[in-house]
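So this block is query07.csv, CSV, C-alpha atoms and all ligand atoms:
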```
chain,number,residue,atom,x,y,z
F,1,MET,CA,68.8,-94.2,18.4
F,2,SER,CA,68.1,-91.3,16.1
F,3,LYS,CA,65.0,-89.3,16.9
F,4,LYS,CA,62.0,-89.9,14.5
F,5,SER,CA,60.4,-86.9,12.7
F,6,MET,CA,56.9,-86.1,11.6
F,7,GLN,CA,54.8,-83.5,9.8
F,8,ALA,CA,52.9,-81.1,11.9
F,9,ILE,CA,51.2,-77.7,11.8
F,10,VAL,CA,53.2,-75.3,13.9
F,11,VAL,CA,52.2,-71.8,15.1
F,12,ASN,CA,55.0,-69.4,15.9
F,13,GLU,CA,53.0,-66.3,16.3
F,14,TYR,CA,49.3,-65.4,16.8
F,15,GLY,CA,47.4,-64.3,13.7
F,16,GLY,CA,45.2,-65.3,10.8
F,17,PRO,CA,45.3,-68.6,8.8
F,18,ASN,CA,48.8,-67.9,7.4
F,19,VAL,CA,50.4,-68.4,10.7
F,20,LEU,CA,49.7,-72.1,10.4
F,21,LYS,CA,52.9,-73.6,8.9
F,22,VAL,CA,53.6,-77.1,7.9
F,23,LYS,CA,56.9,-78.2,9.4
F,24,THR,CA,58.9,-81.3,10.0
F,25,VAL,CA,59.4,-81.6,13.8
F,26,GLU,CA,60.5,-84.3,16.2
F,27,ARG,CA,58.0,-87.0,17.0
F,28,PRO,CA,56.9,-86.8,20.6
F,29,GLN,CA,57.9,-89.6,23.0
F,30,PRO,CA,55.2,-90.9,25.4
F,31,LYS,CA,56.0,-90.6,29.2
F,32,THR,CA,55.3,-93.6,31.4
F,33,ASP,CA,51.5,-92.9,31.7
F,34,GLU,CA,51.1,-91.6,28.1
F,35,VAL,CA,50.1,-93.0,24.8
F,36,LEU,CA,51.6,-92.0,21.4
F,37,VAL,CA,48.8,-91.9,18.8
F,38,ARG,CA,49.1,-92.0,15.1
F,39,ILE,CA,46.4,-89.5,14.1
F,40,VAL,CA,43.9,-90.4,11.5
F,41,TYR,CA,41.4,-87.5,11.9
F,42,ALA,CA,42.1,-84.4,13.9
F,43,THR,CA,39.0,-82.5,15.0
F,44,VAL,CA,38.7,-78.8,14.0
F,45,ILE,CA,36.8,-76.8,16.6
F,46,PRO,CA,36.2,-73.1,17.1
F,47,LEU,CA,38.7,-73.0,20.0
F,48,ASP,CA,41.4,-73.7,17.5
F,49,TYR,CA,41.0,-70.4,15.6
F,50,LYS,CA,40.2,-68.5,18.8
F,51,ILE,CA,43.6,-69.5,20.3
F,52,ARG,CA,45.4,-69.0,17.0
F,53,ASN,CA,44.0,-65.4,16.7
F,54,GLY,CA,45.4,-64.7,20.2
F,55,TRP,CA,41.9,-64.0,21.6
F,56,LEU,CA,42.3,-66.3,24.6
F,57,GLN,CA,45.7,-65.4,25.9
F,58,THR,CA,44.4,-64.7,29.4
F,59,VAL,CA,41.9,-67.5,29.8
F,60,PHE,CA,43.6,-70.2,27.8
F,61,PRO,CA,47.3,-69.4,27.5
F,62,VAL,CA,49.5,-71.5,25.2
F,63,THR,CA,53.3,-71.3,24.9
F,64,LEU,CA,54.6,-70.3,21.4
F,65,PRO,CA,55.5,-72.1,19.2
F,66,TYR,CA,52.7,-74.7,19.6
F,67,ILE,CA,51.0,-77.5,17.6
F,68,PRO,CA,47.2,-76.9,17.5
F,69,GLY,CA,44.6,-79.5,18.0
F,70,PHE,CA,42.9,-81.0,21.1
F,71,TYR,CA,40.9,-84.0,19.9
F,72,ALA,CA,41.4,-86.8,17.4
F,73,SER,CA,40.8,-90.3,16.4
F,74,GLY,CA,43.6,-92.6,15.5
F,75,VAL,CA,45.7,-95.7,16.2
F,76,VAL,CA,47.9,-96.4,19.2
F,77,GLU,CA,51.5,-96.4,18.1
F,78,GLU,CA,53.4,-96.8,21.4
F,79,VAL,CA,52.5,-96.8,25.1
F,80,GLY,CA,54.4,-95.8,28.2
F,81,GLN,CA,55.4,-98.4,30.8
F,82,SER,CA,52.4,-97.9,33.1
F,83,VAL,CA,49.7,-97.9,30.5
F,84,THR,CA,47.5,-101.0,30.8
F,85,GLU,CA,44.3,-100.2,28.9
F,86,PHE,CA,45.7,-99.7,25.4
F,87,LYS,CA,48.1,-101.6,23.1
F,88,PRO,CA,49.8,-100.7,19.9
F,89,GLY,CA,47.3,-101.1,17.0
F,90,GLY,CA,44.3,-100.2,19.1
F,91,ARG,CA,41.7,-97.9,17.5
F,92,ILE,CA,41.0,-95.0,19.9
F,93,PHE,CA,39.7,-91.4,20.1
F,94,GLY,CA,39.9,-88.7,22.7
F,95,SER,CA,41.8,-85.7,24.0
F,96,ILE,CA,45.1,-85.7,22.2
F,97,SER,CA,47.4,-82.7,22.6
F,98,GLY,CA,49.0,-81.4,19.4
F,99,ALA,CA,46.5,-83.3,17.2
F,100,TYR,CA,47.3,-81.3,14.1
F,101,ALA,CA,50.2,-83.6,13.4
F,102,GLU,CA,51.0,-87.1,12.3
F,103,TYR,CA,51.4,-88.2,15.9
F,104,GLY,CA,50.1,-86.8,19.2
F,105,ILE,CA,50.3,-87.6,22.9
F,106,ALA,CA,47.5,-88.5,25.2
F,107,LYS,CA,47.1,-89.5,28.8
F,108,GLU,CA,45.7,-93.0,29.1
F,109,GLN,CA,42.5,-91.8,30.9
F,110,GLU,CA,41.8,-89.3,28.2
F,111,LEU,CA,41.3,-92.0,25.5
F,112,MET,CA,38.5,-94.3,24.7
F,113,ALA,CA,38.6,-97.5,22.7
F,114,MET,CA,36.5,-97.4,19.5
F,115,PRO,CA,33.7,-99.9,19.2
F,116,GLU,CA,34.2,-102.1,16.1
F,117,ASN,CA,31.4,-100.4,14.2
F,118,LEU,CA,32.5,-96.8,14.9
F,119,THR,CA,34.3,-95.1,12.0
F,120,PHE,CA,37.3,-92.9,12.5
F,121,GLU,CA,35.4,-90.0,11.1
F,122,ASP,CA,32.5,-90.3,13.5
F,123,ALA,CA,34.9,-91.0,16.4
F,124,ALA,CA,36.6,-87.6,15.8
F,125,THR,CA,33.3,-85.8,16.2
F,126,ILE,CA,32.5,-87.0,19.7
F,127,LYS,CA,34.8,-84.9,21.9
F,128,ALA,CA,33.9,-81.2,21.9
F,129,GLY,CA,30.8,-82.2,19.8
F,130,ALA,CA,28.6,-85.0,21.0
F,131,GLU,CA,30.1,-85.0,24.4
F,132,THR,CA,29.6,-81.2,24.8
F,133,ALA,CA,26.0,-81.6,23.7
F,134,TRP,CA,25.5,-84.3,26.4
F,135,LYS,CA,27.1,-82.0,28.9
F,136,ALA,CA,24.9,-79.0,28.0
F,137,LEU,CA,21.7,-81.0,27.9
F,138,PHE,CA,22.0,-83.6,30.7
F,139,ALA,CA,24.9,-82.7,33.0
F,140,ASP,CA,24.5,-78.9,33.2
F,141,GLY,CA,21.0,-78.7,31.6
F,142,GLU,CA,19.3,-81.4,33.7
F,143,LEU,CA,16.9,-82.0,30.7
F,144,GLN,CA,13.9,-84.3,31.3
F,145,SER,CA,11.6,-86.1,28.9
F,146,GLY,CA,8.7,-84.0,27.8
F,147,GLN,CA,10.4,-80.6,28.5
F,148,PRO,CA,10.6,-77.9,25.8
F,149,LEU,CA,14.0,-76.4,25.1
F,150,LEU,CA,15.6,-73.9,22.8
F,151,LEU,CA,18.9,-74.9,21.1
F,152,HIS,CA,20.9,-72.2,19.3
F,153,ALA,CA,23.3,-73.0,16.5
F,154,ALA,CA,21.7,-76.3,15.9
F,155,ALA,CA,23.5,-77.0,12.7
F,156,GLY,CA,27.0,-76.8,14.2
F,157,GLY,CA,29.4,-79.4,15.5
F,158,VAL,CA,27.7,-79.4,18.9
F,159,GLY,CA,24.2,-78.4,17.8
F,160,GLN,CA,23.7,-81.3,15.4
F,161,PHE,CA,24.2,-83.8,18.4
F,162,ALA,CA,22.2,-81.6,20.8
F,163,VAL,CA,19.1,-81.8,18.6
F,164,GLN,CA,19.3,-85.5,18.2
F,165,LEU,CA,20.1,-86.2,21.9
F,166,ALA,CA,17.3,-84.0,23.1
F,167,LYS,CA,14.9,-85.8,20.8
F,168,TRP,CA,16.2,-89.2,22.0
F,169,LYS,CA,15.5,-88.1,25.6
F,170,GLY,CA,11.9,-87.2,24.6
F,171,ALA,CA,12.2,-83.5,24.9
F,172,THR,CA,10.5,-81.0,22.5
F,173,VAL,CA,13.2,-79.2,20.4
F,174,ILE,CA,13.0,-75.7,19.1
F,175,ALA,CA,16.2,-74.9,17.2
F,176,THR,CA,17.8,-71.9,15.5
F,177,ALA,CA,19.7,-72.0,12.2
F,178,SER,CA,20.2,-69.9,9.1
F,179,THR,CA,18.1,-70.4,6.0
F,180,SER,CA,20.4,-72.9,4.2
F,181,ASN,CA,20.5,-75.2,7.3
F,182,LEU,CA,16.8,-75.3,8.1
F,183,ASP,CA,16.1,-78.6,6.3
F,184,PHE,CA,19.2,-80.2,7.8
F,185,VAL,CA,18.2,-79.3,11.4
F,186,LYS,CA,14.6,-80.5,10.8
F,187,SER,CA,16.0,-83.8,9.5
F,188,LEU,CA,17.8,-84.2,12.9
F,189,GLY,CA,14.5,-84.3,14.7
F,190,ALA,CA,13.8,-80.7,15.7
F,191,GLY,CA,10.1,-80.1,16.2
F,192,ARG,CA,10.4,-76.4,15.1
F,193,VAL,CA,13.4,-74.7,13.4
F,194,VAL,CA,13.5,-70.9,13.5
F,195,ASP,CA,15.4,-69.2,10.7
F,196,TYR,CA,17.2,-66.6,12.8
F,197,THR,CA,17.9,-64.5,9.8
F,198,THR,CA,14.1,-63.8,9.2
F,199,THR,CA,12.4,-64.6,12.5
F,200,LYS,CA,13.0,-63.6,16.1
F,201,PHE,CA,13.3,-66.8,18.2
F,202,GLU,CA,11.4,-65.1,21.0
F,203,ASP,CA,8.3,-65.0,18.8
F,204,VAL,CA,8.4,-68.9,18.7
F,205,ALA,CA,10.0,-70.1,21.9
F,206,LYS,CA,8.2,-69.3,25.1
F,207,ASP,CA,8.4,-70.7,28.6
F,208,VAL,CA,11.1,-73.3,27.8
F,209,ASP,CA,12.8,-75.3,30.5
F,210,LEU,CA,16.3,-75.0,29.0
F,211,VAL,CA,18.2,-72.8,26.6
F,212,VAL,CA,21.5,-74.1,25.2
F,213,ASP,CA,23.4,-71.1,23.8
F,214,SER,CA,26.6,-71.6,21.8
F,215,VAL,CA,26.4,-68.2,20.1
F,216,GLY,CA,26.6,-65.7,23.0
F,217,GLY,CA,26.4,-61.9,22.9
F,218,GLU,CA,23.0,-60.6,21.8
F,219,THR,CA,21.6,-64.2,21.4
F,220,GLU,CA,22.2,-64.7,25.1
F,221,THR,CA,20.8,-61.3,26.0
F,222,ARG,CA,17.5,-62.1,24.2
F,223,SER,CA,17.3,-65.7,25.5
F,224,TRP,CA,16.6,-65.0,29.2
F,225,ALA,CA,13.0,-63.9,28.5
F,226,VAL,CA,12.0,-67.2,26.8
F,227,ILE,CA,13.0,-69.4,29.9
F,228,LYS,CA,10.3,-70.3,32.4
F,229,LYS,CA,10.9,-69.4,36.1
F,230,GLY,CA,13.1,-72.1,37.6
F,231,GLY,CA,14.5,-73.0,34.2
F,232,ILE,CA,18.2,-73.2,33.1
F,233,LEU,CA,20.4,-71.4,30.6
F,234,VAL,CA,23.6,-73.2,29.6
F,235,SER,CA,26.1,-71.2,27.8
F,236,LEU,CA,28.9,-72.8,25.9
F,237,THR,CA,30.7,-69.6,25.0
F,238,GLN,CA,30.9,-67.4,28.0
F,239,ASP,CA,30.2,-67.1,31.7
F,240,PRO,CA,26.5,-66.0,31.5
F,241,SER,CA,25.3,-63.0,33.4
F,242,GLN,CA,24.3,-64.0,36.9
F,243,GLU,CA,22.5,-60.7,37.3
F,244,ASN,CA,20.2,-61.6,34.5
F,245,ALA,CA,19.7,-65.1,35.8
F,246,GLU,CA,18.6,-63.6,39.1
F,247,GLN,CA,16.3,-61.1,37.5
F,248,TYR,CA,14.6,-63.8,35.4
F,249,GLY,CA,14.5,-66.4,38.2
F,250,VAL,CA,16.6,-69.0,36.3
F,251,THR,CA,19.9,-70.8,36.8
F,252,ALA,CA,22.8,-69.9,34.4
F,253,LYS,CA,25.7,-72.3,33.9
F,254,PHE,CA,29.0,-72.5,32.0
F,255,ASN,CA,30.9,-75.7,32.2
F,256,THR,CA,29.8,-76.6,35.8
F,257,LYS,CA,29.2,-80.3,35.4
F,258,PHE,CA,30.7,-82.8,33.0
F,259,PRO,CA,29.6,-86.1,31.5
F,260,THR,CA,31.1,-89.2,33.3
F,261,ARG,CA,33.1,-91.8,31.5
F,262,GLU,CA,30.0,-94.0,31.6
F,263,ASP,CA,28.0,-91.3,29.9
F,264,LEU,CA,30.8,-91.0,27.2
F,265,GLN,CA,30.7,-94.8,26.7
F,266,ASN,CA,26.8,-94.7,26.3
F,267,LEU,CA,27.1,-91.8,23.9
F,268,THR,CA,29.8,-93.5,21.9
F,269,ASN,CA,27.6,-96.7,21.6
F,270,LEU,CA,24.6,-94.6,20.4
F,271,ILE,CA,26.8,-93.2,17.6
F,272,ALA,CA,28.4,-96.5,16.8
F,273,GLU,CA,24.9,-98.1,16.5
F,274,GLY,CA,23.8,-95.3,14.2
F,275,ARG,CA,21.0,-94.2,16.6
F,276,ILE,CA,22.7,-90.8,16.7
F,277,THR,CA,24.4,-89.7,13.5
F,278,ALA,CA,27.4,-87.5,12.9
F,279,LYS,CA,27.4,-85.1,10.0
F,280,ILE,CA,30.8,-84.2,8.7
F,281,ASP,CA,30.9,-80.7,7.2
F,282,SER,CA,34.1,-81.2,5.3
F,283,ILE,CA,37.5,-83.0,5.4
F,284,PHE,CA,40.8,-81.2,4.6
F,285,PRO,CA,44.3,-82.7,4.4
F,286,LEU,CA,46.7,-81.7,7.2
F,287,ASN,CA,48.6,-79.2,4.8
F,288,GLN,CA,45.3,-77.3,4.3
F,289,ALA,CA,44.7,-76.7,8.0
F,290,ASP,CA,44.6,-73.0,7.1
F,291,LYS,CA,41.6,-73.5,4.8
F,292,ALA,CA,39.9,-75.7,7.4
F,293,LEU,CA,40.2,-73.0,10.1
F,294,GLU,CA,39.1,-70.3,7.7
F,295,LYS,CA,35.9,-72.3,7.1
F,296,SER,CA,35.4,-72.9,10.8
F,297,GLU,CA,35.9,-69.2,11.5
F,298,ALA,CA,33.2,-68.3,9.0
F,299,ARG,CA,30.8,-69.9,11.5
F,300,HIS,CA,28.2,-71.4,9.2
F,301,GLY,CA,29.3,-75.0,9.1
F,302,ARG,CA,26.9,-78.0,8.9
F,303,GLY,CA,28.4,-80.6,11.3
F,304,ARG,CA,32.0,-81.0,12.1
F,305,ILE,CA,35.2,-80.1,10.1
F,306,LEU,CA,38.0,-82.6,10.2
F,307,LEU,CA,41.6,-82.9,9.1
F,308,ASN,CA,42.6,-86.2,7.6
F,309,VAL,CA,46.2,-86.7,8.7
F,310,ASN,CA,47.1,-90.3,8.1
F,311,SER,CA,45.3,-93.0,6.1
F,312,ILE,CA,43.9,-95.9,8.2
S,1,LIG,N1,32.3,-75.0,26.6
S,1,LIG,C1,32.6,-76.1,25.9
S,1,LIG,O1,32.8,-77.1,26.4
S,1,LIG,C2,32.5,-76.0,24.4
S,1,LIG,C3,32.7,-77.1,23.6
S,1,LIG,C4,32.5,-77.1,22.3
S,1,LIG,C5,32.2,-75.9,21.7
S,1,LIG,N2,32.1,-74.7,22.4
S,1,LIG,C6,31.7,-73.4,21.8
S,1,LIG,O2,30.4,-73.5,21.3
S,1,LIG,C7,30.4,-72.7,20.1
S,1,LIG,C8,29.8,-73.6,18.9
S,1,LIG,O3,30.7,-74.7,18.7
S,1,LIG,P1,30.6,-75.6,17.5
S,1,LIG,O4,31.7,-76.6,17.5
S,1,LIG,O5,29.2,-76.2,17.4
S,1,LIG,O6,30.7,-74.6,16.3
S,1,LIG,P2,30.5,-74.8,14.7
S,1,LIG,O7,30.6,-76.2,14.3
S,1,LIG,O8,31.5,-73.8,14.1
S,1,LIG,O9,29.0,-74.3,14.5
S,1,LIG,C9,28.7,-73.0,14.6
S,1,LIG,C10,27.2,-72.9,14.2
S,1,LIG,O10,26.7,-71.6,14.6
S,1,LIG,C11,25.6,-71.3,13.8
S,1,LIG,N3,25.3,-69.9,14.0
S,1,LIG,C12,26.2,-68.9,13.7
S,1,LIG,N4,25.6,-67.7,14.1
S,1,LIG,C13,24.4,-68.0,14.7
S,1,LIG,C14,23.3,-67.3,15.3
S,1,LIG,N5,23.4,-66.0,15.4
S,1,LIG,N6,22.2,-68.0,15.8
S,1,LIG,C15,22.2,-69.3,15.6
S,1,LIG,N7,23.1,-70.1,15.1
S,1,LIG,C16,24.2,-69.4,14.6
S,1,LIG,C17,26.0,-71.7,12.4
S,1,LIG,O11,24.9,-72.2,11.7
S,1,LIG,P3,24.1,-71.4,10.6
S,1,LIG,O12,24.9,-71.4,9.3
S,1,LIG,O13,22.8,-72.1,10.5
S,1,LIG,O14,24.1,-70.0,11.1
S,1,LIG,C18,27.0,-72.9,12.7
S,1,LIG,O15,26.4,-74.1,12.3
S,1,LIG,C19,31.8,-72.2,19.8
S,1,LIG,O16,31.8,-70.9,20.3
S,1,LIG,C20,32.7,-73.1,20.6
S,1,LIG,O17,33.9,-72.5,21.0
S,1,LIG,C21,32.2,-74.8,23.8
```
Give the structure from the file, written as C-alpha cells.
Amino acid sequence: MSKKSMQAIVVNEYGGPNVLKVKTVERPQPKTDEVLVRIVYATVIPLDYKIRNGWLQTVFPVTLPYIPGFYASGVVEEVGQSVTEFKPGGRIFGSISGAYAEYGIAKEQELMAMPENLTFEDAATIKAGAETAWKALFADGELQSGQPLLLHAAAGGVGQFAVQLAKWKGATVIATASTSNLDFVKSLGAGRVVDYTTTKFEDVAKDVDLVVDSVGGETETRSWAVIKKGGILVSLTQDPSQENAEQYGVTAKFNTKFPTREDLQNLTNLIAEGRITAKIDSIFPLNQADKALEKSEARHGRGRILLNVNSI
C-alpha cells in the first residue's frame, strides 16, 4: 500500500516566523496504543514560538526537523489495535503531537471525547488554557471560596479562564491587563481590573491569598509583597525564587500538581454548557502559521489563537 501524504508545517532550523514552512510529508501511522487524529483546530500557544526561536533547547529539547503543535481538536481517523475508548469518526480534543498538520498522533489516554454541545473551536482552547487555569487556581493554588487573588495577564489564553473559574469558585478577583483589554477582563467577572500600563498593581492588590503569574520577570519580583503570609504564588513561566518565598513567608510553585482527568471532565462540561466561555482571539489557516505565531509572540492577545486545519 502506498504511504499517504499530508500538508504540515515543518521547522528545519530555529529562528523567526519564516522558518515555518508548509510541506507535503508522510502521514503518520498510529502505533498499537495510539490514535490518528484529523486535526480541525490546532492550538497556538506561547510555547510554540519559544521552541521555534530556540529558546528552550536545554529545558524542552526537540529534534529538528519537527512539526510544531501540542494540542488540538479534531476527529478520530484511525486507531491502533489496543485502543478501546475511541473509534473512527469520534470528536475529540487533547494533547496531539505535531498538531500543526492535517493529521497528528495522540496516545489514547491523552484524548477526551467532546460532549455533543462543545464546539471544535472551544475544545481547542481547553488544554494549555482552561486546564492550565484550573491547575494554577485549584491544584497548585489551593484557591478557596471567599479568598482574594491577583491574576496577571488576565486577557490571555490562560487568564481568560482563570478569571472566570476563580469567580465561579467564589473568590474575589483582582486582574491585570493593558488598557485595550480592561473591559474584556471586567466582562469575565473580575472584581477589579488594574491597567498595568498606568497603575502599579501593588497599589491595588494587598494581602491576597494567591497570585497567579503568567508574565514572570519584574512582575514576579513585585508580586511577592502583595501576598499575605502563608499565601501562595503560582508561576506559569519559570521556577519562582524560593529565597523570596521564604523571605515573604509564602509558598511558591511551578507545575507541582496537575488537574485529574475528572477535573478535566468537569471543566469541559462547564465550557460545553456555556457556564465558562472561551474567547477566540483569531483563527488563521494552516498556511499562515507564521502570522499566527507572530501575533502570539506580540503577547497582547485577547483569548486563544487557533489554526484551522481541516473543515469539520
Ligand atoms: N506552565 C504551564 O503549564 C503553562 C501553560 C500554558 C501557558 N503557560 C505560559 O503562561 C504564559 C501565558 O500564556 P497564555 O497562553 O495565556 O499567553 P497569551 O494568550 O499569549 O496571553 C498573554 C497575555 O499576557 C498579557 N500581558 C503581556 N504583558 C503583560 C504584563 N506585563 N502584565 C500583565 N499582562 C501582560 C497580554 O494582555 P495585555 O494585552 O492586556 O497586556 C496577553 O493577553 C506564557 O508564558 C505561557 O508559556 C504555561
message: When you count all atoms listed in the file, which of these residues is closest to ligand LIG 1 (chain S): F:Gly216, F:Gly15, F:Gly189, F:Gly90?
response: F:Gly216
Determine, for each residue of region 64-175 of chain F having at least one atom at most 7 Å from an atom of region 219-242 of chain F, the closest pair of atoms and their separation in Å to one decimal, counting only C-alpha atoms; order by chain and ascending number, as a tab-separated table.
```
residue	atom	partner	partner_atom	distance
F:Ala136	CA	F:Val234	CA	6.2
F:Asp140	CA	F:Val234	CA	6.8
F:Gly141	CA	F:Ile232	CA	6.4
```
Hey, which residues sit close to ligand LIG 1 (chain S)? Say within 7 Å, counting all atoms listed in the file, and write them as a PDB file with C-alpha atoms, in the frame of the given file.
```
ATOM      1  CA  ILE F  45      36.800 -76.800  16.600  1.00  0.00           C
ATOM      2  CA  PRO F  46      36.200 -73.100  17.100  1.00  0.00           C
ATOM      3  CA  LEU F  47      38.700 -73.000  20.000  1.00  0.00           C
ATOM      4  CA  ALA F 128      33.900 -81.200  21.900  1.00  0.00           C
ATOM      5  CA  GLY F 129      30.800 -82.200  19.800  1.00  0.00           C
ATOM      6  CA  THR F 132      29.600 -81.200  24.800  1.00  0.00           C
ATOM      7  CA  HIS F 152      20.900 -72.200  19.300  1.00  0.00           C
ATOM      8  CA  ALA F 153      23.300 -73.000  16.500  1.00  0.00           C
ATOM      9  CA  ALA F 154      21.700 -76.300  15.900  1.00  0.00           C
ATOM     10  CA  ALA F 155      23.500 -77.000  12.700  1.00  0.00           C
ATOM     11  CA  GLY F 156      27.000 -76.800  14.200  1.00  0.00           C
ATOM     12  CA  GLY F 157      29.400 -79.400  15.500  1.00  0.00           C
ATOM     13  CA  VAL F 158      27.700 -79.400  18.900  1.00  0.00           C
ATOM     14  CA  GLY F 159      24.200 -78.400  17.800  1.00  0.00           C
ATOM     15  CA  THR F 176      17.800 -71.900  15.500  1.00  0.00           C
ATOM     16  CA  ALA F 177      19.700 -72.000  12.200  1.00  0.00           C
ATOM     17  CA  SER F 178      20.200 -69.900   9.100  1.00  0.00           C
ATOM     18  CA  THR F 179      18.100 -70.400   6.000  1.00  0.00           C
ATOM     19  CA  SER F 180      20.400 -72.900   4.200  1.00  0.00           C
ATOM     20  CA  ASN F 181      20.500 -75.200   7.300  1.00  0.00           C
ATOM     21  CA  TYR F 196      17.200 -66.600  12.800  1.00  0.00           C
ATOM     22  CA  SER F 214      26.600 -71.600  21.800  1.00  0.00           C
ATOM     23  CA  VAL F 215      26.400 -68.200  20.100  1.00  0.00           C
ATOM     24  CA  THR F 219      21.600 -64.200  21.400  1.00  0.00           C
ATOM     25  CA  LEU F 236      28.900 -72.800  25.900  1.00  0.00           C
ATOM     26  CA  THR F 237      30.700 -69.600  25.000  1.00  0.00           C
ATOM     27  CA  PHE F 254      29.000 -72.500  32.000  1.00  0.00           C
ATOM     28  CA  ASN F 255      30.900 -75.700  32.200  1.00  0.00           C
ATOM     29  CA  SER F 296      35.400 -72.900  10.800  1.00  0.00           C
ATOM     30  CA  GLU F 297      35.900 -69.200  11.500  1.00  0.00           C
ATOM     31  CA  ARG F 299      30.800 -69.900  11.500  1.00  0.00           C
ATOM     32  CA  HIS F 300      28.200 -71.400   9.200  1.00  0.00           C
ATOM     33  CA  GLY F 301      29.300 -75.000   9.100  1.00  0.00           C
ATOM     34  CA  ARG F 302      26.900 -78.000   8.900  1.00  0.00           C
ATOM     35  CA  GLY F 303      28.400 -80.600  11.300  1.00  0.00           C
ATOM     36  CA  ARG F 304      32.000 -81.000  12.100  1.00  0.00           C
TER      37      ARG F 304
END
```
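Each of F:Val76, F:Leu286, F:Ala139, F:Ala278 was compared to Glu121 (chain F) using only C-alpha atoms, and F:Ala278 turns out to be the nearest.
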Who sits within 10 Å of Val22 (chain F), only C-alpha atoms, same chain under 6 positions skipped, as a list in words: Gln7, Ala8, Ile9, Val10, Val11, Tyr100, Ala101, Leu286, Asn287, Gln288, Ala289 and Asp290 of chain F
field: Polymer residues at most 8 Å from Asp48 (chain F), only C-alpha atoms, same-chain spacing of 6 or more positions, as JSON, numbers by chain
entry: {"F": [68, 69, 293]}
Write the residues of the preceding selection, restricted to C-alpha atoms, as a PDB file, keeping the file's coordinate frame.
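So the final result, stored in out_12.pdb, reads:
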```pdb
ATOM      1  CA  PRO F  68      47.200 -76.900  17.500  1.00  0.00           C
ATOM      2  CA  GLY F  69      44.600 -79.500  18.000  1.00  0.00           C
ATOM      3  CA  LEU F 293      40.200 -73.000  10.100  1.00  0.00           C
TER       4      LEU F 293
END
```
task: Would you work out the distance separating CA of Leu150 (chain F) from CA of Gln265 (chain F), expressed in Å to one decimal?
output: 26.1 Å
message: If I take CA of Glu102 (chain F) and CA of Val309 (chain F), how far is one from the other in Å, to one decimal?
response: 6.0 Å
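Shortest atom-to-atom contact with Leu137 (chain F) among F:Leu56, F:Glu116, F:Lys253, F:Glu246: F:Lys253, counting all atoms listed in the file.
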field: Long-range neighbours of Asn310 (chain F) as a list in words, 9 Å cut-off, all atoms listed in the file, 5 positions minimum in chain
entry: Arg38, Ile39, Val40, Tyr41, Gly74, Glu102, Pro285 and Leu286 of chain F
message: I'd like the neighbourhood of Phe86 (chain F) as an MDAnalysis selection string, where a residue qualifies if any of its atoms comes within 12 Å (using only C-alpha atoms), though same-chain residues fewer than 3 positions away should be ignored.
response: chainID F and resid 33:37 75:83 89:93 106:114
